[in-house]
Amino acid sequence: MRMANGARGEVLVELDGVPRRLCLTLGALAEIETALDVSGVEGLVERLRRPTARDLMAVLAALLNGGGEHELAGRLDRASISPQVAAEAVAQAFAAVGGGEG
């Protein structure tokens with residue numbers, strides 16, 4: 001059974017029928033900023049106030065990469081993941097970093 005390292009801010013979320021590890025690493029944060037064309041936390045917060053489905057998938061891909069889930073991150077555009085599921089997964093990953101329940 002897969003486990004998440006809570007001390008590292010990892011969460012396990014079922015995506016595409018399999019538990020996947022998500023983690024907001026510094027690399028994932030840089031990937032998110034690049035994908036969304038924002039700079040810094042303030043720009044990211046502003047952009048994610050009303051995210052598009054594309055924004056959510058870009059953030060999810062970065063979080064998957066941060067968790068070592070490179071295979072799914074690379075084919076996320078072909079996976080059957082709804083924007084609602086993506087939003088919930090992203091929220092869990094961000095809550096884990098903030099010390100919330102994930």
# chains A, B, ... in the order shown; residues from 1 in each chain; ligands from 1
$ residues_around --residues "stretch 45-51 of chain A" --least-positions-apart "2" --cutoff "12 Å" --atoms "only C-alpha atoms" --output "compact mmCIF listing (two decimals) with all heavy atoms, in the first residue's frame"
# COMPACT_ATOMS: atom_id res chain seq x y z
N LEU A 29 6.21 24.45 -7.46
CA LEU A 29 5.79 25.85 -7.41
C LEU A 29 6.33 26.63 -8.61
O LEU A 29 5.60 27.39 -9.25
CB LEU A 29 6.25 26.48 -6.10
CG LEU A 29 5.76 27.90 -5.83
CD1 LEU A 29 4.25 27.98 -5.86
CD2 LEU A 29 6.30 28.37 -4.49
N ILE A 32 4.37 25.63 -11.65
CA ILE A 32 3.05 26.26 -11.64
C ILE A 32 3.15 27.71 -12.10
O ILE A 32 2.37 28.16 -12.94
CB ILE A 32 2.41 26.17 -10.23
CG1 ILE A 32 2.07 24.72 -9.89
CG2 ILE A 32 1.17 27.05 -10.15
CD1 ILE A 32 1.75 24.49 -8.42
N GLU A 33 4.12 28.45 -11.54
CA GLU A 33 4.28 29.85 -11.93
C GLU A 33 4.53 29.98 -13.43
O GLU A 33 3.98 30.87 -14.09
CB GLU A 33 5.43 30.49 -11.15
CG GLU A 33 5.11 30.76 -9.70
CD GLU A 33 6.25 31.44 -8.96
OE1 GLU A 33 7.38 31.51 -9.49
OE2 GLU A 33 6.01 31.90 -7.83
N ALA A 35 3.72 27.73 -15.85
CA ALA A 35 2.54 27.30 -16.61
C ALA A 35 1.44 28.35 -16.59
O ALA A 35 0.72 28.52 -17.59
CB ALA A 35 2.01 25.98 -16.05
N LEU A 36 1.28 29.04 -15.47
CA LEU A 36 0.21 30.04 -15.35
C LEU A 36 0.68 31.44 -15.68
O LEU A 36 -0.12 32.39 -15.61
CB LEU A 36 -0.38 30.00 -13.93
CG LEU A 36 -0.98 28.68 -13.49
CD1 LEU A 36 -1.60 28.81 -12.10
CD2 LEU A 36 -1.99 28.15 -14.48
N ASP A 37 1.97 31.59 -16.01
CA ASP A 37 2.54 32.88 -16.36
C ASP A 37 2.31 33.92 -15.27
O ASP A 37 1.83 35.03 -15.51
CB ASP A 37 1.99 33.37 -17.70
CG ASP A 37 2.82 34.50 -18.29
OD1 ASP A 37 4.03 34.57 -17.98
OD2 ASP A 37 2.25 35.32 -19.04
N VAL A 38 2.66 33.53 -14.03
CA VAL A 38 2.57 34.43 -12.89
C VAL A 38 3.93 34.45 -12.19
O VAL A 38 4.76 33.58 -12.41
CB VAL A 38 1.47 34.01 -11.89
CG1 VAL A 38 0.11 34.05 -12.55
CG2 VAL A 38 1.74 32.65 -11.29
N SER A 39 4.10 35.44 -11.33
CA SER A 39 5.34 35.55 -10.57
C SER A 39 5.01 35.76 -9.10
O SER A 39 4.29 36.70 -8.76
CB SER A 39 6.17 36.72 -11.09
OG SER A 39 7.38 36.81 -10.37
N GLY A 40 5.51 34.89 -8.26
CA GLY A 40 5.33 35.04 -6.82
C GLY A 40 3.99 34.54 -6.31
O GLY A 40 3.06 34.24 -7.07
N VAL A 41 3.92 34.46 -5.00
CA VAL A 41 2.73 33.92 -4.34
C VAL A 41 1.51 34.79 -4.60
O VAL A 41 0.42 34.28 -4.84
CB VAL A 41 2.99 33.75 -2.82
CG1 VAL A 41 1.73 33.32 -2.10
CG2 VAL A 41 4.10 32.75 -2.59
N GLU A 42 1.69 36.10 -4.56
CA GLU A 42 0.55 37.00 -4.77
C GLU A 42 -0.07 36.79 -6.16
O GLU A 42 -1.29 36.74 -6.31
CB GLU A 42 0.94 38.47 -4.58
CG GLU A 42 1.34 38.82 -3.17
CD GLU A 42 2.80 38.48 -2.87
OE1 GLU A 42 3.60 38.29 -3.82
OE2 GLU A 42 3.13 38.39 -1.68
N GLY A 43 0.78 36.69 -7.17
CA GLY A 43 0.29 36.45 -8.52
C GLY A 43 -0.40 35.12 -8.65
O GLY A 43 -1.44 35.00 -9.32
N ALA A 53 -10.26 25.34 -16.14
CA ALA A 53 -9.95 23.91 -16.13
C ALA A 53 -8.49 23.69 -16.53
O ALA A 53 -7.80 22.84 -15.96
CB ALA A 53 -10.90 23.16 -17.06
N ARG A 54 -8.01 24.47 -17.47
CA ARG A 54 -6.62 24.37 -17.90
C ARG A 54 -5.66 24.72 -16.77
O ARG A 54 -4.65 24.06 -16.56
CB ARG A 54 -6.38 25.30 -19.10
CG ARG A 54 -4.96 25.24 -19.66
CD ARG A 54 -4.63 26.54 -20.41
NE ARG A 54 -3.25 26.89 -20.45
CZ ARG A 54 -2.44 27.21 -19.45
NH1 ARG A 54 -2.86 27.20 -18.23
NH2 ARG A 54 -1.19 27.55 -19.64
N ASP A 55 -5.99 25.78 -16.01
CA ASP A 55 -5.18 26.16 -14.86
C ASP A 55 -5.09 25.01 -13.86
O ASP A 55 -4.02 24.67 -13.37
CB ASP A 55 -5.76 27.38 -14.13
CG ASP A 55 -5.71 28.67 -14.93
OD1 ASP A 55 -4.97 28.74 -15.94
OD2 ASP A 55 -6.42 29.62 -14.53
N LEU A 56 -6.25 24.42 -13.55
CA LEU A 56 -6.28 23.32 -12.59
C LEU A 56 -5.43 22.15 -13.04
O LEU A 56 -4.70 21.55 -12.24
CB LEU A 56 -7.72 22.86 -12.35
CG LEU A 56 -8.60 23.80 -11.56
CD1 LEU A 56 -10.04 23.32 -11.57
CD2 LEU A 56 -8.08 23.93 -10.13
N MET A 57 -5.51 21.80 -14.31
CA MET A 57 -4.74 20.67 -14.81
C MET A 57 -3.24 20.99 -14.80
O MET A 57 -2.43 20.11 -14.51
CB MET A 57 -5.21 20.27 -16.21
CG MET A 57 -6.60 19.68 -16.21
SD MET A 57 -6.74 18.28 -15.08
CE MET A 57 -8.36 17.71 -15.50
N ALA A 58 -2.87 22.24 -15.07
CA ALA A 58 -1.46 22.62 -15.02
C ALA A 58 -0.93 22.52 -13.59
O ALA A 58 0.18 22.03 -13.36
CB ALA A 58 -1.27 24.04 -15.56
N VAL A 59 -1.72 22.98 -12.63
CA VAL A 59 -1.31 22.90 -11.22
C VAL A 59 -1.24 21.44 -10.80
O VAL A 59 -0.29 21.02 -10.13
CB VAL A 59 -2.28 23.70 -10.33
CG1 VAL A 59 -1.97 23.47 -8.85
CG2 VAL A 59 -2.22 25.19 -10.67
N PRO A 83 -12.48 18.40 -13.91
CA PRO A 83 -11.98 19.61 -13.24
C PRO A 83 -12.33 19.63 -11.75
O PRO A 83 -11.53 20.10 -10.95
CB PRO A 83 -12.67 20.74 -13.99
CG PRO A 83 -12.90 20.19 -15.36
CD PRO A 83 -13.23 18.73 -15.13
N GLN A 84 -13.47 19.08 -11.37
CA GLN A 84 -13.86 19.05 -9.96
C GLN A 84 -12.91 18.16 -9.15
O GLN A 84 -12.45 18.54 -8.08
CB GLN A 84 -15.29 18.55 -9.78
CG GLN A 84 -15.71 18.50 -8.32
CD GLN A 84 -17.13 18.05 -8.13
OE1 GLN A 84 -17.89 17.93 -9.08
NE2 GLN A 84 -17.51 17.78 -6.90
N ALA A 86 -9.86 17.41 -10.03
CA ALA A 86 -8.57 18.12 -10.05
C ALA A 86 -8.55 19.21 -8.98
O ALA A 86 -7.57 19.34 -8.24
CB ALA A 86 -8.31 18.71 -11.43
N ALA A 87 -9.64 19.97 -8.87
CA ALA A 87 -9.71 21.05 -7.88
C ALA A 87 -9.61 20.49 -6.46
O ALA A 87 -8.92 21.05 -5.61
CB ALA A 87 -11.00 21.83 -8.05
N VAL A 90 -5.96 19.39 -5.84
CA VAL A 90 -5.11 20.57 -5.66
C VAL A 90 -5.34 21.16 -4.27
O VAL A 90 -4.38 21.49 -3.56
CB VAL A 90 -5.39 21.61 -6.77
CG1 VAL A 90 -4.78 22.96 -6.43
CG2 VAL A 90 -4.87 21.09 -8.11
N ALA A 91 -6.60 21.26 -3.85
CA ALA A 91 -6.92 21.81 -2.53
C ALA A 91 -6.29 20.96 -1.43
O ALA A 91 -5.74 21.50 -0.45
CB ALA A 91 -8.43 21.90 -2.34
N PHE A 94 -2.47 21.66 -1.30
CA PHE A 94 -2.16 22.95 -0.70
C PHE A 94 -2.46 22.95 0.79
O PHE A 94 -1.72 23.54 1.58
CB PHE A 94 -2.90 24.08 -1.42
CG PHE A 94 -2.22 24.58 -2.66
CD1 PHE A 94 -2.41 23.94 -3.86
CD2 PHE A 94 -1.38 25.67 -2.60
CE1 PHE A 94 -1.76 24.39 -5.02
CE2 PHE A 94 -0.73 26.14 -3.75
CZ PHE A 94 -0.92 25.48 -4.95
$ select_by_dssp --residues "chain A" --states "helix (DSSP H, G or I)" --output "number ranges by chain"
A: 6-8, 26-36, 40-47, 53-66, 70-74, 76-78, 83-97
$ write_last_selection --atoms "C-alpha atoms" --output "PDB file, in the first residue's frame"
ATOM      1  CA  GLY A   6       2.928  14.024   5.730  1.00  0.00           C
ATOM      2  CA  ALA A   7       6.058  15.687   7.105  1.00  0.00           C
ATOM      3  CA  ARG A   8       7.017  16.472   3.508  1.00  0.00           C
ATOM      4  CA  LEU A  26       9.728  24.290  -4.748  1.00  0.00           C
ATOM      5  CA  GLY A  27      10.125  22.743  -8.194  1.00  0.00           C
ATOM      6  CA  ALA A  28       6.361  22.237  -8.458  1.00  0.00           C
ATOM      7  CA  LEU A  29       5.794  25.847  -7.413  1.00  0.00           C
ATOM      8  CA  ALA A  30       8.181  27.070 -10.121  1.00  0.00           C
ATOM      9  CA  GLU A  31       6.429  24.815 -12.656  1.00  0.00           C
ATOM     10  CA  ILE A  32       3.049  26.262 -11.639  1.00  0.00           C
ATOM     11  CA  GLU A  33       4.281  29.851 -11.931  1.00  0.00           C
ATOM     12  CA  THR A  34       5.654  29.131 -15.408  1.00  0.00           C
ATOM     13  CA  ALA A  35       2.537  27.297 -16.606  1.00  0.00           C
ATOM     14  CA  LEU A  36       0.212  30.039 -15.345  1.00  0.00           C
ATOM     15  CA  GLY A  40       5.326  35.040  -6.819  1.00  0.00           C
ATOM     16  CA  VAL A  41       2.732  33.919  -4.339  1.00  0.00           C
ATOM     17  CA  GLU A  42       0.545  37.002  -4.772  1.00  0.00           C
ATOM     18  CA  GLY A  43       0.290  36.455  -8.523  1.00  0.00           C
ATOM     19  CA  LEU A  44      -0.470  32.790  -8.003  1.00  0.00           C
ATOM     20  CA  VAL A  45      -3.182  33.495  -5.430  1.00  0.00           C
ATOM     21  CA  GLU A  46      -4.788  36.064  -7.728  1.00  0.00           C
ATOM     22  CA  ARG A  47      -4.735  33.709 -10.715  1.00  0.00           C
ATOM     23  CA  ALA A  53      -9.953  23.910 -16.127  1.00  0.00           C
ATOM     24  CA  ARG A  54      -6.617  24.374 -17.903  1.00  0.00           C
ATOM     25  CA  ASP A  55      -5.177  26.162 -14.856  1.00  0.00           C
ATOM     26  CA  LEU A  56      -6.280  23.315 -12.585  1.00  0.00           C
ATOM     27  CA  MET A  57      -4.739  20.673 -14.811  1.00  0.00           C
ATOM     28  CA  ALA A  58      -1.462  22.621 -15.021  1.00  0.00           C
ATOM     29  CA  VAL A  59      -1.315  22.896 -11.223  1.00  0.00           C
ATOM     30  CA  LEU A  60      -2.249  19.238 -10.829  1.00  0.00           C
ATOM     31  CA  ALA A  61       0.494  18.186 -13.257  1.00  0.00           C
ATOM     32  CA  ALA A  62       3.062  20.173 -11.272  1.00  0.00           C
ATOM     33  CA  LEU A  63       1.886  18.648  -7.988  1.00  0.00           C
ATOM     34  CA  LEU A  64       2.070  15.172  -9.527  1.00  0.00           C
ATOM     35  CA  ASN A  65       5.632  15.885 -10.663  1.00  0.00           C
ATOM     36  CA  GLY A  66       6.442  17.098  -7.148  1.00  0.00           C
ATOM     37  CA  HIS A  70       5.798  11.851 -13.679  1.00  0.00           C
ATOM     38  CA  GLU A  71       4.011   9.275 -15.867  1.00  0.00           C
ATOM     39  CA  LEU A  72       0.514  10.566 -15.085  1.00  0.00           C
ATOM     40  CA  ALA A  73       1.688  14.195 -15.119  1.00  0.00           C
ATOM     41  CA  GLY A  74       2.927  13.666 -18.661  1.00  0.00           C
ATOM     42  CA  LEU A  76      -2.783  14.283 -17.799  1.00  0.00           C
ATOM     43  CA  ASP A  77      -4.431  15.733 -20.898  1.00  0.00           C
ATOM     44  CA  ARG A  78      -5.487  12.201 -21.887  1.00  0.00           C
ATOM     45  CA  PRO A  83     -11.983  19.606 -13.244  1.00  0.00           C
ATOM     46  CA  GLN A  84     -13.864  19.047  -9.955  1.00  0.00           C
ATOM     47  CA  VAL A  85     -11.635  16.102  -9.013  1.00  0.00           C
ATOM     48  CA  ALA A  86      -8.571  18.115 -10.052  1.00  0.00           C
ATOM     49  CA  ALA A  87      -9.712  21.047  -7.880  1.00  0.00           C
ATOM     50  CA  GLU A  88     -10.236  18.760  -4.870  1.00  0.00           C
ATOM     51  CA  ALA A  89      -6.803  17.170  -5.339  1.00  0.00           C
ATOM     52  CA  VAL A  90      -5.112  20.568  -5.664  1.00  0.00           C
ATOM     53  CA  ALA A  91      -6.916  21.806  -2.530  1.00  0.00           C
ATOM     54  CA  GLN A  92      -5.751  18.760  -0.560  1.00  0.00           C
ATOM     55  CA  ALA A  93      -2.142  19.266  -1.649  1.00  0.00           C
ATOM     56  CA  PHE A  94      -2.163  22.954  -0.702  1.00  0.00           C
ATOM     57  CA  ALA A  95      -3.869  22.167   2.644  1.00  0.00           C
ATOM     58  CA  ALA A  96      -1.139  19.612   3.429  1.00  0.00           C
ATOM     59  CA  VAL A  97       1.509  22.312   3.079  1.00  0.00           C
TER      60      VAL A  97
END
$ decode --residues "stretch 22-60 of chain A" --atoms "N, CA and C atoms" --output "PDB file, in the first residue's frame"
ATOM      1  N   LEU A  22       0.817  13.516  -4.407  1.00  0.00           N
ATOM      2  CA  LEU A  22       0.959  14.915  -4.802  1.00  0.00           C
ATOM      3  C   LEU A  22       1.810  15.618  -3.757  1.00  0.00           C
ATOM      4  N   CYS A  23       2.636  16.548  -4.207  1.00  0.00           N
ATOM      5  CA  CYS A  23       3.455  17.306  -3.260  1.00  0.00           C
ATOM      6  C   CYS A  23       3.798  18.671  -3.860  1.00  0.00           C
ATOM      7  N   LEU A  24       3.579  19.708  -3.066  1.00  0.00           N
ATOM      8  CA  LEU A  24       3.931  21.068  -3.483  1.00  0.00           C
ATOM      9  C   LEU A  24       5.377  21.335  -3.087  1.00  0.00           C
ATOM     10  N   THR A  25       6.279  20.975  -3.987  1.00  0.00           N
ATOM     11  CA  THR A  25       7.710  21.221  -3.779  1.00  0.00           C
ATOM     12  C   THR A  25       8.063  22.590  -4.370  1.00  0.00           C
ATOM     13  N   LEU A  26       9.282  23.039  -4.122  1.00  0.00           N
ATOM     14  CA  LEU A  26       9.728  24.290  -4.748  1.00  0.00           C
ATOM     15  C   LEU A  26       9.746  24.152  -6.269  1.00  0.00           C
ATOM     16  N   GLY A  27      10.142  22.978  -6.751  1.00  0.00           N
ATOM     17  CA  GLY A  27      10.125  22.743  -8.194  1.00  0.00           C
ATOM     18  C   GLY A  27       8.716  22.788  -8.752  1.00  0.00           C
ATOM     19  N   ALA A  28       7.757  22.203  -8.023  1.00  0.00           N
ATOM     20  CA  ALA A  28       6.361  22.237  -8.458  1.00  0.00           C
ATOM     21  C   ALA A  28       5.848  23.675  -8.469  1.00  0.00           C
ATOM     22  N   LEU A  29       6.214  24.447  -7.464  1.00  0.00           N
ATOM     23  CA  LEU A  29       5.794  25.847  -7.413  1.00  0.00           C
ATOM     24  C   LEU A  29       6.334  26.627  -8.612  1.00  0.00           C
ATOM     25  N   ALA A  30       7.592  26.404  -8.951  1.00  0.00           N
ATOM     26  CA  ALA A  30       8.181  27.070 -10.121  1.00  0.00           C
ATOM     27  C   ALA A  30       7.473  26.629 -11.400  1.00  0.00           C
ATOM     28  N   GLU A  31       7.145  25.325 -11.486  1.00  0.00           N
ATOM     29  CA  GLU A  31       6.429  24.815 -12.656  1.00  0.00           C
ATOM     30  C   GLU A  31       5.046  25.452 -12.774  1.00  0.00           C
ATOM     31  N   ILE A  32       4.373  25.627 -11.645  1.00  0.00           N
ATOM     32  CA  ILE A  32       3.049  26.262 -11.639  1.00  0.00           C
ATOM     33  C   ILE A  32       3.149  27.711 -12.099  1.00  0.00           C
ATOM     34  N   GLU A  33       4.115  28.449 -11.538  1.00  0.00           N
ATOM     35  CA  GLU A  33       4.281  29.851 -11.931  1.00  0.00           C
ATOM     36  C   GLU A  33       4.531  29.982 -13.425  1.00  0.00           C
ATOM     37  N   THR A  34       5.349  29.097 -13.971  1.00  0.00           N
ATOM     38  CA  THR A  34       5.654  29.131 -15.408  1.00  0.00           C
ATOM     39  C   THR A  34       4.417  28.794 -16.232  1.00  0.00           C
ATOM     40  N   ALA A  35       3.718  27.734 -15.848  1.00  0.00           N
ATOM     41  CA  ALA A  35       2.537  27.297 -16.606  1.00  0.00           C
ATOM     42  C   ALA A  35       1.435  28.348 -16.593  1.00  0.00           C
ATOM     43  N   LEU A  36       1.280  29.042 -15.468  1.00  0.00           N
ATOM     44  CA  LEU A  36       0.212  30.039 -15.345  1.00  0.00           C
ATOM     45  C   LEU A  36       0.682  31.444 -15.677  1.00  0.00           C
ATOM     46  N   ASP A  37       1.971  31.591 -16.007  1.00  0.00           N
ATOM     47  CA  ASP A  37       2.543  32.878 -16.363  1.00  0.00           C
ATOM     48  C   ASP A  37       2.314  33.917 -15.270  1.00  0.00           C
ATOM     49  N   VAL A  38       2.664  33.527 -14.033  1.00  0.00           N
ATOM     50  CA  VAL A  38       2.574  34.432 -12.888  1.00  0.00           C
ATOM     51  C   VAL A  38       3.927  34.451 -12.192  1.00  0.00           C
ATOM     52  N   SER A  39       4.103  35.441 -11.327  1.00  0.00           N
ATOM     53  CA  SER A  39       5.344  35.548 -10.575  1.00  0.00           C
ATOM     54  C   SER A  39       5.007  35.761  -9.105  1.00  0.00           C
ATOM     55  N   GLY A  40       5.508  34.891  -8.256  1.00  0.00           N
ATOM     56  CA  GLY A  40       5.326  35.040  -6.819  1.00  0.00           C
ATOM     57  C   GLY A  40       3.993  34.536  -6.309  1.00  0.00           C
ATOM     58  N   VAL A  41       3.921  34.458  -5.003  1.00  0.00           N
ATOM     59  CA  VAL A  41       2.732  33.919  -4.339  1.00  0.00           C
ATOM     60  C   VAL A  41       1.506  34.793  -4.596  1.00  0.00           C
ATOM     61  N   GLU A  42       1.687  36.102  -4.563  1.00  0.00           N
ATOM     62  CA  GLU A  42       0.545  37.002  -4.772  1.00  0.00           C
ATOM     63  C   GLU A  42      -0.070  36.794  -6.159  1.00  0.00           C
ATOM     64  N   GLY A  43       0.782  36.694  -7.166  1.00  0.00           N
ATOM     65  CA  GLY A  43       0.290  36.455  -8.523  1.00  0.00           C
ATOM     66  C   GLY A  43      -0.404  35.118  -8.652  1.00  0.00           C
ATOM     67  N   LEU A  44       0.139  34.118  -7.975  1.00  0.00           N
ATOM     68  CA  LEU A  44      -0.470  32.790  -8.003  1.00  0.00           C
ATOM     69  C   LEU A  44      -1.832  32.798  -7.322  1.00  0.00           C
ATOM     70  N   VAL A  45      -1.908  33.422  -6.162  1.00  0.00           N
ATOM     71  CA  VAL A  45      -3.182  33.495  -5.430  1.00  0.00           C
ATOM     72  C   VAL A  45      -4.230  34.201  -6.279  1.00  0.00           C
ATOM     73  N   GLU A  46      -3.850  35.312  -6.891  1.00  0.00           N
ATOM     74  CA  GLU A  46      -4.788  36.064  -7.728  1.00  0.00           C
ATOM     75  C   GLU A  46      -5.284  35.214  -8.896  1.00  0.00           C
ATOM     76  N   ARG A  47      -4.369  34.531  -9.559  1.00  0.00           N
ATOM     77  CA  ARG A  47      -4.735  33.709 -10.715  1.00  0.00           C
ATOM     78  C   ARG A  47      -5.647  32.547 -10.315  1.00  0.00           C
ATOM     79  N   LEU A  48      -5.414  31.978  -9.129  1.00  0.00           N
ATOM     80  CA  LEU A  48      -6.184  30.809  -8.712  1.00  0.00           C
ATOM     81  C   LEU A  48      -7.494  31.155  -7.999  1.00  0.00           C
ATOM     82  N   ARG A  49      -7.807  32.445  -7.900  1.00  0.00           N
ATOM     83  CA  ARG A  49      -9.112  32.817  -7.329  1.00  0.00           C
ATOM     84  C   ARG A  49     -10.248  32.323  -8.206  1.00  0.00           C
ATOM     85  N   ARG A  50     -10.031  32.355  -9.506  1.00  0.00           N
ATOM     86  CA  ARG A  50     -11.018  31.865 -10.483  1.00  0.00           C
ATOM     87  C   ARG A  50     -10.282  31.065 -11.545  1.00  0.00           C
ATOM     88  N   PRO A  51      -9.854  29.863 -11.186  1.00  0.00           N
ATOM     89  CA  PRO A  51      -9.059  29.078 -12.132  1.00  0.00           C
ATOM     90  C   PRO A  51      -9.905  28.493 -13.260  1.00  0.00           C
ATOM     91  N   THR A  52      -9.296  28.371 -14.407  1.00  0.00           N
ATOM     92  CA  THR A  52      -9.926  27.661 -15.517  1.00  0.00           C
ATOM     93  C   THR A  52      -9.606  26.171 -15.360  1.00  0.00           C
ATOM     94  N   ALA A  53     -10.259  25.338 -16.137  1.00  0.00           N
ATOM     95  CA  ALA A  53      -9.953  23.910 -16.127  1.00  0.00           C
ATOM     96  C   ALA A  53      -8.494  23.693 -16.530  1.00  0.00           C
ATOM     97  N   ARG A  54      -8.013  24.474 -17.473  1.00  0.00           N
ATOM     98  CA  ARG A  54      -6.617  24.374 -17.903  1.00  0.00           C
ATOM     99  C   ARG A  54      -5.663  24.723 -16.770  1.00  0.00           C
ATOM    100  N   ASP A  55      -5.993  25.783 -16.005  1.00  0.00           N
ATOM    101  CA  ASP A  55      -5.177  26.162 -14.856  1.00  0.00           C
ATOM    102  C   ASP A  55      -5.091  25.006 -13.857  1.00  0.00           C
ATOM    103  N   LEU A  56      -6.247  24.419 -13.553  1.00  0.00           N
ATOM    104  CA  LEU A  56      -6.280  23.315 -12.585  1.00  0.00           C
ATOM    105  C   LEU A  56      -5.428  22.145 -13.040  1.00  0.00           C
ATOM    106  N   MET A  57      -5.514  21.805 -14.305  1.00  0.00           N
ATOM    107  CA  MET A  57      -4.739  20.673 -14.811  1.00  0.00           C
ATOM    108  C   MET A  57      -3.243  20.987 -14.801  1.00  0.00           C
ATOM    109  N   ALA A  58      -2.872  22.236 -15.072  1.00  0.00           N
ATOM    110  CA  ALA A  58      -1.462  22.621 -15.021  1.00  0.00           C
ATOM    111  C   ALA A  58      -0.931  22.522 -13.593  1.00  0.00           C
ATOM    112  N   VAL A  59      -1.719  22.981 -12.631  1.00  0.00           N
ATOM    113  CA  VAL A  59      -1.315  22.896 -11.223  1.00  0.00           C
ATOM    114  C   VAL A  59      -1.242  21.437 -10.795  1.00  0.00           C
ATOM    115  N   LEU A  60      -2.240  20.658 -11.185  1.00  0.00           N
ATOM    116  CA  LEU A  60      -2.249  19.238 -10.829  1.00  0.00           C
ATOM    117  C   LEU A  60      -1.031  18.519 -11.408  1.00  0.00           C
TER     118      LEU A  60
END
